[in-house]
>>> print(open('entry06.cif').read())   # mmCIF, C-alpha atoms
data_start
#
loop_
_atom_site.label_atom_id
_atom_site.label_comp_id
_atom_site.auth_asym_id
_atom_site.auth_seq_id
_atom_site.Cartn_x
_atom_site.Cartn_y
_atom_site.Cartn_z
CA MET A 209 -38.83 -50.52 34.22
CA PHE A 210 -41.92 -48.50 34.61
CA ARG A 211 -41.04 -47.27 38.04
CA ARG A 212 -37.66 -46.10 37.13
CA ARG A 213 -39.03 -43.86 34.48
CA GLN A 214 -41.30 -42.19 36.86
CA GLN A 215 -38.52 -41.50 39.30
CA ARG A 216 -36.32 -39.91 36.70
CA ASP A 217 -38.98 -37.47 35.78
CA VAL A 218 -37.73 -34.66 37.97
CA PRO A 219 -39.13 -31.35 36.76
CA GLU A 220 -36.42 -29.56 34.86
CA LEU A 221 -35.26 -26.14 35.83
CA ASN A 222 -36.82 -23.59 33.57
CA THR A 223 -33.92 -21.99 31.75
CA THR A 224 -35.88 -20.05 29.18
CA SER A 225 -34.91 -16.75 30.79
CA THR A 226 -31.16 -17.45 30.92
CA ALA A 227 -30.95 -16.38 27.33
CA ASP A 228 -32.64 -13.11 28.17
CA ILE A 229 -30.37 -12.51 31.10
CA SER A 230 -27.26 -13.13 29.07
CA PHE A 231 -28.63 -10.91 26.33
CA MET A 232 -28.94 -8.16 28.91
CA LEU A 233 -25.33 -8.66 29.96
CA LEU A 234 -24.21 -8.69 26.37
CA ILE A 235 -26.00 -5.45 25.63
CA PHE A 236 -24.58 -3.86 28.76
CA PHE A 237 -21.05 -4.71 27.67
CA LEU A 238 -21.69 -3.50 24.16
CA VAL A 239 -22.82 -0.15 25.48
CA ALA A 240 -20.28 0.32 28.25
CA SER A 241 -17.16 -0.69 26.37
CA SER A 242 -15.46 0.60 23.31
CA MET A 243 -13.92 -1.41 20.55
CA ASP A 244 -10.94 0.79 19.67
CA ASP A 245 -7.77 -0.97 20.63
CA ILE A 246 -5.58 -0.07 23.53
CA ASP A 247 -3.85 3.24 23.21
CA LYS A 248 -0.62 3.39 21.33
CA VAL A 249 1.73 5.94 22.72
CA MET A 250 5.19 7.39 22.34
CA PRO A 251 6.78 7.78 25.76
CA ARG A 252 8.95 10.77 26.56
CA GLN A 253 10.62 11.94 29.73
CA LEU A 254 10.46 15.59 30.68
CA PRO A 255 13.41 17.24 32.39
CA PRO A 256 12.82 18.39 35.97
CA PRO A 257 11.84 22.04 36.43
CA GLU A 258 14.70 24.52 36.27
CA GLU A 259 14.26 25.92 39.77
CA SER A 260 15.24 22.66 41.39
CA THR A 261 18.46 22.06 39.53
CA GLN A 262 21.12 24.65 39.09
CA VAL A 263 20.58 26.40 35.83
CA GLN A 264 23.55 25.18 33.94
CA GLU A 265 24.08 26.33 30.44
CA LEU A 266 24.82 23.09 28.73
CA VAL A 267 27.78 23.58 26.49
CA VAL A 268 27.70 21.09 23.69
CA LYS A 269 30.40 20.81 21.13
CA GLN A 270 29.19 21.50 17.66
CA ARG A 271 30.01 18.03 16.42
CA ASN A 272 27.87 16.53 19.15
CA ALA A 273 24.76 18.54 18.43
CA LEU A 274 22.07 18.02 15.86
CA VAL A 275 19.87 21.07 15.87
CA LEU A 276 16.35 20.49 14.63
CA LYS A 277 14.10 23.44 14.12
CA LEU A 278 10.46 23.48 13.30
CA ASP A 279 9.24 26.87 12.18
CA ALA A 280 5.78 28.41 12.19
CA ASP A 281 5.05 27.04 8.69
CA ASN A 282 5.84 23.50 9.84
CA ARG A 283 9.11 23.49 7.91
CA LEU A 284 11.64 21.19 9.41
CA THR A 285 15.28 22.15 9.31
CA CYS A 286 18.23 20.12 10.46
CA ASN A 287 21.40 22.15 11.08
CA ASP A 288 19.76 24.84 8.96
CA GLU A 289 18.99 22.62 5.96
CA VAL A 290 15.41 21.82 5.07
CA ILE A 291 14.73 18.13 5.59
CA THR A 292 11.78 15.73 5.36
CA PRO A 293 10.86 13.44 8.27
CA GLU A 294 11.97 10.40 6.23
CA ALA A 295 15.36 11.92 5.53
CA LEU A 296 15.56 12.92 9.17
CA THR A 297 15.34 9.29 10.22
CA GLU A 298 18.42 8.46 8.19
CA ARG A 299 20.16 11.56 9.37
CA VAL A 300 19.56 10.64 13.00
CA GLU A 301 20.83 7.12 12.40
CA GLU A 302 23.99 8.36 10.75
CA PHE A 303 24.46 11.00 13.44
CA VAL A 304 23.99 8.75 16.44
CA ALA A 305 25.90 5.75 15.09
CA ASN A 306 28.86 7.60 13.61
CA ALA A 307 30.02 4.27 12.27
CA LYS A 308 33.20 5.59 10.62
CA ASN A 309 34.26 7.78 13.53
CA ASP A 310 33.91 10.85 11.39
CA PRO A 311 35.36 13.88 13.22
CA SER A 312 32.34 15.98 12.23
CA LEU A 313 29.94 13.54 13.86
CA PRO A 314 29.52 12.97 17.62
CA GLU A 315 32.28 11.65 19.83
CA LYS A 316 31.99 8.26 21.38
CA SER A 317 33.45 6.95 24.58
CA ARG A 318 34.72 3.49 25.42
CA ARG A 319 32.75 1.94 28.20
CA GLU A 320 32.07 -1.37 29.84
CA VAL A 321 28.56 -2.42 28.92
CA ASN A 322 26.81 -5.42 30.35
CA LEU A 323 26.65 -8.29 27.78
CA PHE A 324 28.75 -6.34 25.27
CA GLY A 325 31.98 -5.89 27.21
CA LEU A 326 34.13 -2.92 26.38
CA CYS A 327 32.62 -1.10 23.45
CA GLU A 328 32.11 2.31 21.99
CA VAL A 329 29.10 4.11 23.32
CA SER A 330 27.50 7.12 21.71
CA ASP A 331 26.67 8.96 24.90
CA LYS A 332 27.80 12.46 24.02
CA HIS A 333 25.42 13.32 21.22
CA VAL A 334 22.45 15.58 21.77
CA ILE A 335 19.50 16.11 19.48
CA MET A 336 18.20 19.57 20.12
CA ILE A 337 14.66 20.36 19.21
CA GLU A 338 13.37 23.84 18.85
CA ALA A 339 9.79 24.08 17.77
CA ASP A 340 8.05 27.35 17.05
CA SER A 341 4.94 27.78 19.16
CA LYS A 342 2.82 28.23 16.04
CA ALA A 343 3.86 24.97 14.42
CA THR A 344 1.22 22.26 14.55
CA TYR A 345 1.35 19.33 16.89
CA ASP A 346 1.19 16.97 13.93
CA ALA A 347 4.44 18.28 12.48
CA TYR A 348 6.03 18.15 15.92
CA PHE A 349 4.90 14.61 16.41
CA GLN A 350 6.15 13.53 12.99
CA MET A 351 9.53 14.93 13.90
CA GLN A 352 9.57 13.05 17.20
CA ASN A 353 8.45 9.94 15.39
CA ALA A 354 11.24 10.27 12.83
CA ILE A 355 13.81 10.59 15.60
CA ALA A 356 12.39 7.59 17.44
CA ARG A 357 12.51 5.61 14.20
CA GLY A 358 16.15 6.43 13.72
CA TYR A 359 17.00 5.20 17.19
CA MET A 360 14.84 2.14 16.74
CA HIS A 361 16.59 1.16 13.51
CA LEU A 362 19.97 1.43 15.15
CA ARG A 363 18.93 -0.55 18.19
CA ASN A 364 17.31 -3.19 16.05
CA GLN A 365 20.44 -3.52 13.94
CA LEU A 366 22.53 -3.97 17.04
CA ALA A 367 20.11 -6.51 18.44
CA MET A 368 20.22 -8.52 15.21
CA GLN A 369 24.00 -8.40 15.11
CA HIS A 370 24.61 -9.36 18.68
CA PHE A 371 21.67 -11.43 19.77
CA GLY A 372 20.35 -12.58 16.40
CA ARG A 373 16.83 -11.41 16.98
CA PRO A 374 14.90 -8.15 16.72
CA LEU A 375 14.64 -5.85 19.69
CA THR A 376 11.10 -6.84 20.50
CA LYS A 377 12.22 -10.44 21.10
CA CYS A 378 15.13 -9.48 23.35
CA THR A 379 15.09 -9.95 27.11
CA PRO A 380 14.81 -6.83 29.27
CA GLU A 381 18.47 -7.22 30.19
CA GLU A 382 19.55 -7.27 26.57
CA ARG A 383 17.35 -4.32 25.80
CA GLU A 384 18.90 -2.35 28.61
CA ALA A 385 22.36 -3.10 27.31
CA ILE A 386 21.37 -1.93 23.85
CA GLN A 387 19.97 1.25 25.31
CA MET A 388 23.30 1.83 26.99
CA VAL A 389 25.06 1.69 23.63
CA TYR A 390 22.58 3.98 21.90
CA PRO A 391 21.00 6.14 24.59
CA GLN A 392 18.24 8.48 23.53
CA ARG A 393 19.42 11.98 24.15
CA ILE A 394 16.86 14.50 23.04
CA SER A 395 16.65 17.97 24.43
CA ASP A 396 13.50 19.94 23.78
CA ARG A 397 14.29 23.58 24.05
CA SER A 398 10.97 24.89 22.82
CA GLU A 399 10.02 25.99 26.32
CA THR A 400 12.99 28.20 26.93
CA GLU A 401 12.66 29.72 23.51
CA GLU A 402 9.28 31.24 23.84
CA GLY A 403 9.43 32.56 27.39
CA GLY A 404 6.09 33.35 28.96
CA GLU A 405 4.06 33.36 25.80
CA GLN A 406 0.31 32.73 25.78
CA MET B 29 -46.59 -47.71 12.84
CA ARG B 30 -43.72 -45.35 12.26
CA PHE B 31 -44.74 -44.70 8.77
CA ASP B 32 -48.09 -43.70 9.98
CA ARG B 33 -46.74 -41.17 12.34
CA TYR B 34 -44.70 -39.35 9.80
CA SER B 35 -46.97 -39.17 6.90
CA PHE B 36 -50.38 -39.14 8.30
CA ARG B 37 -50.53 -37.84 11.77
CA LYS B 38 -48.58 -34.74 11.14
CA LYS B 39 -51.13 -33.42 8.82
CA GLN B 40 -53.75 -33.99 11.39
CA ARG B 41 -51.96 -32.19 14.15
CA PRO B 42 -50.32 -28.97 12.94
CA ASP B 43 -48.62 -28.80 16.33
CA VAL B 44 -45.04 -27.96 15.33
CA PRO B 45 -42.55 -29.16 17.94
CA MET B 46 -40.97 -26.30 19.85
CA LEU B 47 -37.52 -25.17 18.83
CA ASN B 48 -35.03 -26.32 21.38
CA THR B 49 -33.51 -23.19 22.86
CA ALA B 50 -31.50 -24.92 25.55
CA SER B 51 -28.21 -23.99 23.90
CA LEU B 52 -29.16 -20.40 23.24
CA PRO B 53 -27.79 -19.08 26.56
CA ASP B 54 -24.50 -20.83 25.87
CA LEU B 55 -24.27 -19.21 22.48
CA ILE B 56 -24.97 -15.80 23.86
CA PHE B 57 -22.52 -16.30 26.68
CA THR B 58 -19.86 -17.09 24.11
CA VAL B 59 -20.61 -13.86 22.29
CA LEU B 60 -20.60 -12.05 25.62
CA PHE B 61 -17.20 -13.40 26.56
CA PHE B 62 -15.87 -12.50 23.15
CA PHE B 63 -16.93 -8.91 23.64
CA MET B 64 -15.59 -8.82 27.15
CA LEU B 65 -12.21 -9.89 25.88
CA VAL B 66 -11.83 -7.69 22.82
CA THR B 67 -13.24 -4.48 24.21
CA HIS B 68 -12.33 -2.43 27.21
CA MET B 69 -14.30 -0.10 29.38
CA ARG B 70 -14.63 3.49 28.33
CA SER B 71 -12.34 5.40 30.61
CA ALA B 72 -13.56 8.95 30.35
CA GLU B 73 -16.27 10.76 28.59
CA GLU B 74 -14.58 12.86 25.98
CA LYS B 75 -15.89 16.37 25.76
CA VAL B 76 -13.46 17.56 23.16
CA ARG B 77 -13.05 16.38 19.60
CA TYR B 78 -9.63 15.59 18.33
CA SER B 79 -7.84 13.51 15.78
CA ILE B 80 -4.50 12.25 16.96
CA PRO B 81 -1.48 12.03 14.67
CA GLN B 82 -0.15 8.85 13.10
CA GLY B 83 3.18 7.31 13.89
CA GLN B 84 5.20 4.12 13.59
CA GLU B 85 7.38 3.89 16.66
CA LEU B 86 4.65 3.36 19.20
CA GLN B 87 4.31 1.24 22.27
CA SER B 88 1.25 -0.07 24.01
CA LEU B 89 0.09 1.86 26.98
CA THR B 90 0.92 -0.11 30.08
CA HIS B 91 0.00 0.44 33.73
CA LYS B 92 -3.39 1.92 33.22
CA ALA B 93 -3.83 2.53 36.93
CA SER B 94 -1.07 5.10 37.03
CA ASN B 95 -2.13 6.80 33.86
CA CYS B 96 -3.82 10.16 33.55
CA TYR B 97 -5.23 11.50 30.31
CA ILE B 98 -5.04 15.01 28.97
CA PHE B 99 -7.14 15.62 25.91
CA ILE B 100 -6.56 18.70 23.83
CA GLY B 101 -9.08 19.41 21.13
CA ARG B 102 -12.03 21.46 20.06
CA GLN B 103 -15.23 21.54 21.99
CA PRO B 104 -18.32 21.12 19.84
CA GLY B 105 -19.21 24.48 18.33
CA ALA B 106 -15.88 26.06 19.07
CA ALA B 107 -13.91 28.08 16.53
CA PRO B 108 -11.37 26.07 14.50
CA ASP B 109 -8.46 27.57 16.37
CA GLU B 110 -9.96 27.45 19.82
CA PHE B 111 -8.67 24.46 21.74
CA SER B 112 -9.74 23.23 25.13
CA ILE B 113 -7.92 21.04 27.58
CA GLN B 114 -9.69 18.19 29.29
CA ILE B 115 -8.14 16.27 32.14
CA ASN B 116 -9.75 12.89 32.72
CA ASP B 117 -13.36 14.03 33.05
CA LYS B 118 -13.45 17.78 33.15
CA VAL B 119 -12.54 20.62 30.88
CA VAL B 120 -9.99 22.90 32.54
CA LYS B 121 -8.22 26.15 31.81
CA LEU B 122 -4.52 26.19 31.04
CA ALA B 123 -3.77 27.82 34.38
CA ASP B 124 -5.50 25.01 36.26
CA VAL B 125 -3.67 22.13 34.58
CA GLU B 126 -1.10 21.94 37.34
CA LYS B 127 -3.72 21.83 40.08
CA CYS B 128 -5.82 19.24 38.29
CA VAL B 129 -2.91 16.92 37.60
CA ASP B 130 -2.02 17.19 41.26
CA ALA B 131 -5.58 16.32 42.20
CA GLU B 132 -5.53 13.34 39.84
CA ARG B 133 -2.33 12.17 41.39
CA ALA B 134 -3.83 12.43 44.86
CA LYS B 135 -6.64 10.13 43.73
CA MET B 136 -4.25 7.36 42.75
CA ALA B 137 -3.07 4.61 45.01
CA SER B 138 0.19 5.52 46.70
CA ASP B 139 2.01 2.77 44.81
CA ASP B 140 0.96 4.21 41.50
CA GLN B 141 1.75 7.80 42.32
CA ALA B 142 5.46 7.37 41.78
CA TYR B 143 4.85 5.92 38.33
CA MET B 144 2.32 8.47 37.26
CA THR B 145 2.33 8.97 33.51
CA VAL B 146 0.38 11.58 31.66
CA THR B 147 -0.89 10.62 28.25
CA ILE B 148 -1.45 13.56 25.99
CA LYS B 149 -4.05 13.06 23.30
CA ALA B 150 -3.91 16.17 21.24
CA ASP B 151 -5.45 17.15 17.95
CA LYS B 152 -3.11 17.40 14.97
CA GLN B 153 -3.84 21.09 14.54
CA VAL B 154 -3.00 22.14 18.09
CA PRO B 155 -0.16 24.67 18.08
CA VAL B 156 3.03 23.42 19.69
CA GLY B 157 2.94 26.45 21.98
CA LEU B 158 -0.10 25.09 23.80
CA ILE B 159 1.50 21.67 24.17
CA THR B 160 4.62 23.30 25.55
CA GLU B 161 2.58 25.25 28.07
CA VAL B 162 0.91 22.03 29.20
CA LYS B 163 4.29 20.33 29.45
CA LYS B 164 5.58 23.24 31.50
CA ALA B 165 2.71 22.85 33.92
CA LEU B 166 3.40 19.12 34.14
CA LYS B 167 7.03 19.79 34.87
CA LYS B 168 6.11 22.10 37.73
CA THR B 169 4.10 19.38 39.38
CA TYR B 170 6.79 16.80 38.68
CA ALA B 171 4.68 14.69 36.37
CA LEU B 172 7.69 14.05 34.22
CA LYS B 173 6.69 10.92 32.41
CA ILE B 174 4.54 11.75 29.46
CA ASN B 175 3.18 9.89 26.49
CA TYR B 176 2.12 11.26 23.15
CA SER B 177 -0.84 9.29 21.99
CA ALA B 178 -1.07 8.34 18.31
CA THR B 179 -2.53 5.79 15.98
CA GLU B 180 -0.44 3.20 14.22
CA LYS B 181 0.20 4.07 10.60
#
>>> encode(input="entry06.cif", output="structure tokens")
Amino acid sequence: MFRRRQQRDVPELNTTSTADISFMLLIFFLVASSMDDIDKVMPRQLPPPEESTQVQELVVKQRNALVLKLDADNRLTCNDEVITPEALTERVEEFVANAKNDPSLPEKSRREVNLFGLCEVSDKHVIMIEADSKATYDAYFQMQNAIARGYMHLRNQLAMQHFGRPLTKCTPEEREAIQMVYPQRISDRSETEEGGEQ
Amino acid sequence: MRFDRYSFRKKQRPDVPMLNTASLPDLIFTVLFFFMLVTHMRSAEEKVRYSIPQGQELQSLTHKASNCYIFIGRQPGAAPDEFSIQINDKVVKLADVEKCVDAERAKMASDDQAYMTVTIKADKQVPVGLITEVKKALKKTYALKINYSATEK
């Protein structure tokens, strides 16, 4: 009994400084990292530069175009009527979906879509944006946001109807199919408008 | 004899037993890991001040390796309508945006270059004209995928 006790008495490793070391690490991470969450972004695709593709004046039928203008005082007009971003969301929805096949709203074409089969696709509409160079970025962004919301509502509706779950829960394949039905067609013409300003 | 030890001896020896700090490192490590998980490294030192707009239809930024930041805001002490452009670490002139984006692309791994995205973090008050000029420069260098950065409303 006595002997055993003596044998067990190995000197313990001194771990008093481990706390200090980990404190150091902790402080390093506190200083070198930032708390704000990962960036939230709205993705957009720019068209390729004009030189590379033939400059083709895109002729769009009037029924297929929704002309959005943002003037220097940040006033938003949609086909020459003043509109708020909230109303714009509904307008975009109505415009893109054209649920009643209204002849004044965009044409649709019948197409074979993966998972949906033959269905009507709204692939002719164009949302044309013209922003004055003196408008603020905030107003421009709110407009883009409103448009994106409109599309998102439509796609979500379709996802709920067909797959019984919101778009965020859909598989990539399903999402792609939905994007085929309601493609995002936005044309930003601000660049061509202002020429070589600034 | 137990009784004795508790009531009597203590008073004689004011030797307080040491606090056991054996679990302290574990505690601190837990806090450390928590911070390592919820924070992320600061990517670039921001030399311009900006407040980004708010939006609802936002997505999380993915593929950080192929991402390049453009900040547009005011430098400290600048006039309210004087905006500067910063690409990753350095403040650049509008005319140099194209060159700098090219240089940033060259720095990326060749796999990422094809997926290069430019995230624009611009102040709310920036005129659209400046944004359009930046976009034009991006188009010229074929950095066609862009992101507008915003905060969730």
>>> atom_distance(input="entry06.cif", atom1="CA of Gln141 (chain B)", atom2="CA of Pro255 (chain A)")
18.0 Å
>>> closest_residue(input="entry06.cif", among="A:Asp346, A:Glu315, A:Glu220, A:Asp228", to="chain B", atoms="all atoms listed in the file")
A:Asp346
>>> atom_distance(input="entry06.cif", atom1="CA of Glu161 (chain B)", atom2="CA of Val290 (chain A)")
26.6 Å
>>> interface_residues(input="entry06.cif", of="chain A", to="chain B", cutoff="6 Å", atoms="only C-alpha atoms", output="list in words")
Thr226, Ala227, Leu234, Ser241, Ser242, Met243, Asp247, Lys248, Val249, Met250, Pro251, Arg252, Gln253, Leu254, Pro257, Ser341, Lys342, Ala343, Thr344, Tyr345, Asp346 and Arg357 of chain A
>>> atom_distance(input="entry06.cif", atom1="CA of Pro256 (chain A)", atom2="CA of Glu132 (chain B)")
19.4 Å
>>> closest_residue(input="entry06.cif", among="A:Glu294, A:Glu338, A:Glu301, A:Glu384", to="Asn353 (chain A)", atoms="all atoms listed in the file")
A:Glu294
>>> resolve_selection(input="entry06.cif", expression="the PyMOL selection byres ((chain A and resi 370) around 12)", output="PDB file with C-alpha atoms, in the coordinates of the input")
ATOM      1  CA  LEU A 323      26.650  -8.290  27.780  1.00  0.00           C
ATOM      2  CA  PHE A 324      28.750  -6.340  25.270  1.00  0.00           C
ATOM      3  CA  GLY A 325      31.980  -5.890  27.210  1.00  0.00           C
ATOM      4  CA  ARG A 363      18.930  -0.550  18.190  1.00  0.00           C
ATOM      5  CA  ASN A 364      17.310  -3.190  16.050  1.00  0.00           C
ATOM      6  CA  GLN A 365      20.440  -3.520  13.940  1.00  0.00           C
ATOM      7  CA  LEU A 366      22.530  -3.970  17.040  1.00  0.00           C
ATOM      8  CA  ALA A 367      20.110  -6.510  18.440  1.00  0.00           C
ATOM      9  CA  MET A 368      20.220  -8.520  15.210  1.00  0.00           C
ATOM     10  CA  GLN A 369      24.000  -8.400  15.110  1.00  0.00           C
ATOM     11  CA  PHE A 371      21.670 -11.430  19.770  1.00  0.00           C
ATOM     12  CA  GLY A 372      20.350 -12.580  16.400  1.00  0.00           C
ATOM     13  CA  ARG A 373      16.830 -11.410  16.980  1.00  0.00           C
ATOM     14  CA  PRO A 374      14.900  -8.150  16.720  1.00  0.00           C
ATOM     15  CA  LEU A 375      14.640  -5.850  19.690  1.00  0.00           C
ATOM     16  CA  CYS A 378      15.130  -9.480  23.350  1.00  0.00           C
ATOM     17  CA  GLU A 382      19.550  -7.270  26.570  1.00  0.00           C
ATOM     18  CA  ARG A 383      17.350  -4.320  25.800  1.00  0.00           C
ATOM     19  CA  ALA A 385      22.360  -3.100  27.310  1.00  0.00           C
ATOM     20  CA  ILE A 386      21.370  -1.930  23.850  1.00  0.00           C
TER      21      ILE A 386
END
>>> resolve_selection(input="entry06.cif", expression="the PyMOL selection byres ((chain A and resi 266-275) around 10)", output="number ranges by chain")
A: 263-265, 276-277, 285-288, 299-300, 303-304, 310-316, 330-338, 394-395
>>> closest_residue(input="entry06.cif", among="A:Asn222, A:Ser230, A:Arg319, A:Ala295", to="Ile355 (chain A)", atoms="all atoms listed in the file")
A:Ala295
>>> closest_residue(input="entry06.cif", among="B:Met144, B:Val76, B:Met136, B:Val162", to="Asp117 (chain B)", atoms="all atoms listed in the file")
B:Val76
>>> axis_aligned_box(input="entry06.cif", around="region 106-123 of chain B", padding_each_side="5 Å", output="JSON")
{"center_x": -9.8, "center_y": 20.5, "center_z": 24.4, "size_x": 22.1, "size_y": 25.2, "size_z": 29.9}
>>> decode(input="entry06.cif", residues="region 47-86 of chain B", atoms="C-alpha atoms", output="PDB file, in the first residue's frame")
ATOM      1  CA  LEU B  47      -8.120  27.832  -6.369  1.00  0.00           C
ATOM      2  CA  ASN B  48      -7.991  24.972  -8.786  1.00  0.00           C
ATOM      3  CA  THR B  49      -7.318  26.493 -12.184  1.00  0.00           C
ATOM      4  CA  ALA B  50      -6.878  23.241 -14.034  1.00  0.00           C
ATOM      5  CA  SER B  51     -10.060  23.771 -16.034  1.00  0.00           C
ATOM      6  CA  LEU B  52      -9.344  27.378 -16.874  1.00  0.00           C
ATOM      7  CA  PRO B  53      -7.500  26.597 -20.133  1.00  0.00           C
ATOM      8  CA  ASP B  54     -10.419  24.433 -21.234  1.00  0.00           C
ATOM      9  CA  LEU B  55     -12.837  27.241 -20.569  1.00  0.00           C
ATOM     10  CA  ILE B  56     -10.781  29.710 -22.493  1.00  0.00           C
ATOM     11  CA  PHE B  57     -10.307  27.303 -25.345  1.00  0.00           C
ATOM     12  CA  THR B  58     -14.066  26.978 -25.573  1.00  0.00           C
ATOM     13  CA  VAL B  59     -14.417  30.737 -25.808  1.00  0.00           C
ATOM     14  CA  LEU B  60     -11.613  30.777 -28.364  1.00  0.00           C
ATOM     15  CA  PHE B  61     -13.304  28.193 -30.538  1.00  0.00           C
ATOM     16  CA  PHE B  62     -16.564  30.068 -30.275  1.00  0.00           C
ATOM     17  CA  PHE B  63     -14.917  33.199 -31.595  1.00  0.00           C
ATOM     18  CA  MET B  64     -13.117  31.305 -34.305  1.00  0.00           C
ATOM     19  CA  LEU B  65     -16.411  29.955 -35.534  1.00  0.00           C
ATOM     20  CA  VAL B  66     -18.582  33.056 -35.431  1.00  0.00           C
ATOM     21  CA  THR B  67     -16.097  35.571 -36.753  1.00  0.00           C
ATOM     22  CA  HIS B  68     -14.083  35.686 -39.901  1.00  0.00           C
ATOM     23  CA  MET B  69     -10.800  37.285 -40.751  1.00  0.00           C
ATOM     24  CA  ARG B  70     -10.773  40.871 -41.841  1.00  0.00           C
ATOM     25  CA  SER B  71     -10.203  40.782 -45.552  1.00  0.00           C
ATOM     26  CA  ALA B  72      -9.020  44.258 -46.366  1.00  0.00           C
ATOM     27  CA  GLU B  73      -8.306  47.381 -44.516  1.00  0.00           C
ATOM     28  CA  GLU B  74     -10.988  49.811 -45.514  1.00  0.00           C
ATOM     29  CA  LYS B  75      -9.727  53.258 -46.274  1.00  0.00           C
ATOM     30  CA  VAL B  76     -13.034  54.691 -47.331  1.00  0.00           C
ATOM     31  CA  ARG B  77     -16.158  55.154 -45.279  1.00  0.00           C
ATOM     32  CA  TYR B  78     -19.436  54.025 -46.684  1.00  0.00           C
ATOM     33  CA  SER B  79     -22.848  52.870 -45.645  1.00  0.00           C
ATOM     34  CA  ILE B  80     -24.299  50.275 -47.946  1.00  0.00           C
ATOM     35  CA  PRO B  81     -27.984  50.202 -48.848  1.00  0.00           C
ATOM     36  CA  GLN B  82     -30.545  47.814 -47.403  1.00  0.00           C
ATOM     37  CA  GLY B  83     -32.340  45.160 -49.363  1.00  0.00           C
ATOM     38  CA  GLN B  84     -34.394  41.999 -49.022  1.00  0.00           C
ATOM     39  CA  GLU B  85     -33.524  39.786 -51.946  1.00  0.00           C
ATOM     40  CA  LEU B  86     -29.961  39.031 -50.977  1.00  0.00           C
TER      41      LEU B  86
END
